[in-house]
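J.: To start, I am sharing the structure in question, which I have written as structure tokens.
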Amino acid sequence: MKDGWEVELWVIDDQPVTLKKITLSLVLLVLGLIASRRLTHLLRKKLLSQTHLDESARDATEKGVWYLLVLLVSLASLTIVNIPLTAFTFLGGALAIGVGFGAQNLMNNFISGFIMMFERPIKIGDLIEIDGNFGVIEEIGARCTRVRTLANVHILVPNSTFLEKNITNWTLSSHEVRCGVDIGVAYGTPSRKVEEVLLRVAMKTDRVQAEPKPLVLFQDFGDSSLAFSLYVSIAVKDLIDRRQIESNLRHAIDQAFKEAGLVIAFPQLDVHLIDPRST
């Protein structure tokens with residue numbers, strides 16, 4: 001058994017690589033990774049929890065320390081058993097080229113994850129819109145970010161996507177956002193009265209912010225209606241908040257218009273019939 005452990009698998013730079021060295025290196029690597037994980041958990045529980053950092057910044061710090069420890073443990077496990085890094089050059093040639101191409105996107109996403117953790121264009125809890133999907137950031141990993149949509153479906157988005165595409169972050173600087181409702185009223189309706197009713201509805205609707213004040217714009221003379229838009233500021237905490245408040249506004253506008261005698265317009269088409277006998 002002893003001879004089997006000491007058998008030379010290959011020699012690199014006059015350093016023999018034996019089965020014993022490889023096994024010992026793997027054991028040290030596993031033990032080091034377990035210790036590193038416990039250390040990062042302890043760091044988060046004892047130190048980071050006492051700082052003023054938010055959840056996203058704590059995650060970034062914890063993961064940064066974890067990746068650093070993994071790198072150090074990997075190098076240490078090789079150094080302790082005197083296995084030179086050049087020992088892995090046997091993976092060269094076609095295999096290395098194949099791995100290189102396959103790892104290109106992985107490294108791109110990995111580096112993008114680090115950039116996101118420290119530049120923080122998004123953070124955990126942010127409400128974002130990406131490729132037509134509206135969702136909340138639940139986790140920012142080393143390779144991809146987990147987004148939960150309004151339909152309670154999880155999307156795994158490669159980290160590089162957030163740096164390469166245009167992403168709408170509704171809560172980047174604040175959870176207060178402005179949303180709007182479009183309304184068309186029949187021609188002949190007093191425009192100032194429409195504005196007055198819409199502002200009154202906005203001020204009475206739950207969760208609409210008093211500041212900035214609601215705004216009504218007379219947008220256009222449409223084909224079948226006078227087009228108005230009502231803009232209000234709201235505080236969003238969950239995915240459904242914006243749509244729920246917009247829905248509440250529409251219900252309240254419908255009721256208020258009925259009470260005020262205002263008519264919500266609908267598309268109309270006037271058809272003029274010409275008697276051929278009159279030509």
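Numbering starts fresh at 1 for the residues of each chain in the structure tokens, the chains themselves are lettered A, B, ... in the order given, and ligands are numbered from 1 as they appear.
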I'd like the contact shell of A:Asn248 - 9 Å cut-off, only C-alpha atoms, skipping same-chain residues fewer than 5 positions apart - returned as an MDAnalysis selection string.
T.: chainID A and resid 205:206 243 253
J.: Counting only C-alpha atoms, what is within 12 Å of stretch 201-204 of chain A, bar same-chain residues fewer than 4 positions away, as JSON, numbers by chain?
T.: {"A": [179, 180, 181, 194, 195, 196, 197, 208, 209, 210, 211, 212, 213, 214, 215, 216, 229, 230, 231, 232, 233, 234, 245, 246, 248, 249, 250, 251, 252, 253, 254, 255, 256, 257, 259, 260]}
J.: Under the rule that only C-alpha atoms are counted, which of A:Asn152, A:Leu26, A:His175, A:Ser36 is the nearest residue to A:Asp241?
T.: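 Comparing A:Asn152, A:Leu26, A:His175, A:Ser36 against A:Asp241, the winner is A:His175.
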J.: Go through A:Thr171, A:Thr79, A:Ser25, A:Gln244 one by one, measure the shortest atom-to-atom distance of each to A:Ile122 using only C-alpha atoms, and give the residue with the smallest value.
T.: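 Among the listed residues, A:Thr171 lies closest to A:Ile122.
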J.: Write down as a PyMOL selection string the residues belonging to stretch 223-258 of chain A that are assigned alpha helix (DSSP H) by DSSP computed on the backbone.
T.: chain A and resi 241-258
J.: Keeping only N, CA and C atoms, write those residues as a PDB file, in the first residue's frame.
T.:
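The resulting file, again-v9.pdb, is reproduced below:
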```
ATOM      1  N   ASP A 241     -47.733  46.317  -6.350  1.00  0.00           N
ATOM      2  CA  ASP A 241     -48.167  47.608  -5.826  1.00  0.00           C
ATOM      3  C   ASP A 241     -48.557  48.597  -6.915  1.00  0.00           C
ATOM      4  N   ARG A 242     -47.685  48.792  -7.901  1.00  0.00           N
ATOM      5  CA  ARG A 242     -47.954  49.806  -8.932  1.00  0.00           C
ATOM      6  C   ARG A 242     -49.231  49.480  -9.693  1.00  0.00           C
ATOM      7  N   ARG A 243     -49.381  48.235 -10.104  1.00  0.00           N
ATOM      8  CA  ARG A 243     -50.574  47.852 -10.868  1.00  0.00           C
ATOM      9  C   ARG A 243     -51.832  47.916 -10.013  1.00  0.00           C
ATOM     10  N   GLN A 244     -51.694  47.576  -8.720  1.00  0.00           N
ATOM     11  CA  GLN A 244     -52.852  47.622  -7.836  1.00  0.00           C
ATOM     12  C   GLN A 244     -53.338  49.058  -7.641  1.00  0.00           C
ATOM     13  N   ILE A 245     -52.412  49.983  -7.435  1.00  0.00           N
ATOM     14  CA  ILE A 245     -52.791  51.380  -7.235  1.00  0.00           C
ATOM     15  C   ILE A 245     -53.367  51.973  -8.521  1.00  0.00           C
ATOM     16  N   GLU A 246     -52.787  51.623  -9.672  1.00  0.00           N
ATOM     17  CA  GLU A 246     -53.343  52.091 -10.942  1.00  0.00           C
ATOM     18  C   GLU A 246     -54.761  51.561 -11.135  1.00  0.00           C
ATOM     19  N   SER A 247     -54.993  50.304 -10.748  1.00  0.00           N
ATOM     20  CA  SER A 247     -56.339  49.718 -10.837  1.00  0.00           C
ATOM     21  C   SER A 247     -57.307  50.471  -9.920  1.00  0.00           C
ATOM     22  N   ASN A 248     -56.867  50.778  -8.694  1.00  0.00           N
ATOM     23  CA  ASN A 248     -57.721  51.528  -7.763  1.00  0.00           C
ATOM     24  C   ASN A 248     -58.067  52.904  -8.311  1.00  0.00           C
ATOM     25  N   LEU A 249     -57.105  53.535  -8.963  1.00  0.00           N
ATOM     26  CA  LEU A 249     -57.352  54.844  -9.571  1.00  0.00           C
ATOM     27  C   LEU A 249     -58.412  54.743 -10.669  1.00  0.00           C
ATOM     28  N   ARG A 250     -58.326  53.718 -11.486  1.00  0.00           N
ATOM     29  CA  ARG A 250     -59.307  53.563 -12.573  1.00  0.00           C
ATOM     30  C   ARG A 250     -60.708  53.334 -12.023  1.00  0.00           C
ATOM     31  N   HIS A 251     -60.824  52.517 -10.977  1.00  0.00           N
ATOM     32  CA  HIS A 251     -62.140  52.312 -10.348  1.00  0.00           C
ATOM     33  C   HIS A 251     -62.683  53.642  -9.819  1.00  0.00           C
ATOM     34  N   ALA A 252     -61.840  54.385  -9.125  1.00  0.00           N
ATOM     35  CA  ALA A 252     -62.280  55.650  -8.538  1.00  0.00           C
ATOM     36  C   ALA A 252     -62.630  56.672  -9.617  1.00  0.00           C
ATOM     37  N   ILE A 253     -61.875  56.709 -10.707  1.00  0.00           N
ATOM     38  CA  ILE A 253     -62.160  57.642 -11.802  1.00  0.00           C
ATOM     39  C   ILE A 253     -63.495  57.305 -12.453  1.00  0.00           C
ATOM     40  N   ASP A 254     -63.744  56.033 -12.674  1.00  0.00           N
ATOM     41  CA  ASP A 254     -65.013  55.610 -13.284  1.00  0.00           C
ATOM     42  C   ASP A 254     -66.193  56.061 -12.431  1.00  0.00           C
ATOM     43  N   GLN A 255     -66.092  55.867 -11.103  1.00  0.00           N
ATOM     44  CA  GLN A 255     -67.168  56.256 -10.212  1.00  0.00           C
ATOM     45  C   GLN A 255     -67.322  57.776 -10.154  1.00  0.00           C
ATOM     46  N   ALA A 256     -66.196  58.480 -10.070  1.00  0.00           N
ATOM     47  CA  ALA A 256     -66.244  59.945  -9.975  1.00  0.00           C
ATOM     48  C   ALA A 256     -66.801  60.568 -11.247  1.00  0.00           C
ATOM     49  N   PHE A 257     -66.473  60.024 -12.410  1.00  0.00           N
ATOM     50  CA  PHE A 257     -66.995  60.562 -13.667  1.00  0.00           C
ATOM     51  C   PHE A 257     -68.500  60.362 -13.762  1.00  0.00           C
ATOM     52  N   LYS A 258     -68.987  59.213 -13.291  1.00  0.00           N
ATOM     53  CA  LYS A 258     -70.434  58.980 -13.305  1.00  0.00           C
ATOM     54  C   LYS A 258     -71.146  59.987 -12.426  1.00  0.00           C
TER      55      LYS A 258
END
```
J.: Quick one: residues within 9 Å of A:Leu163, only C-alpha atoms counted, chain neighbours fewer than 3 positions away excluded, as a list of chain:residue names?
T.: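 Once the adjacent positions are removed, what remains is A:Ser112, A:Ile115, A:Met116, A:Pro121, A:Asn159, A:Ser160, A:Asn166, A:Ile167.
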J.: Output the selection as a compact mmCIF listing (two decimals), in the first residue's frame - N, CA and C atoms for each residue.
T.:
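Output contents, as saved in selection_33.txt:
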```
# COMPACT_ATOMS: atom_id res chain seq x y z
N SER A 112 -18.67 40.00 -14.14
CA SER A 112 -19.81 40.92 -14.08
C SER A 112 -20.47 40.89 -12.71
N ILE A 115 -18.47 43.05 -10.40
CA ILE A 115 -18.71 44.46 -10.70
C ILE A 115 -20.05 44.91 -10.12
N MET A 116 -21.07 44.07 -10.27
CA MET A 116 -22.40 44.41 -9.76
C MET A 116 -22.41 44.48 -8.24
N PRO A 121 -25.43 48.50 -9.43
CA PRO A 121 -26.50 49.05 -10.26
C PRO A 121 -27.85 48.45 -9.90
N ASN A 159 -25.28 37.47 -15.21
CA ASN A 159 -24.88 38.77 -14.67
C ASN A 159 -24.42 39.74 -15.76
N SER A 160 -23.82 39.22 -16.82
CA SER A 160 -23.35 40.10 -17.89
C SER A 160 -24.50 40.85 -18.54
N ASN A 166 -30.01 47.50 -21.51
CA ASN A 166 -30.69 48.56 -20.77
C ASN A 166 -31.69 47.93 -19.81
N ILE A 167 -31.48 48.16 -18.53
CA ILE A 167 -32.34 47.63 -17.49
C ILE A 167 -33.05 48.79 -16.78
```
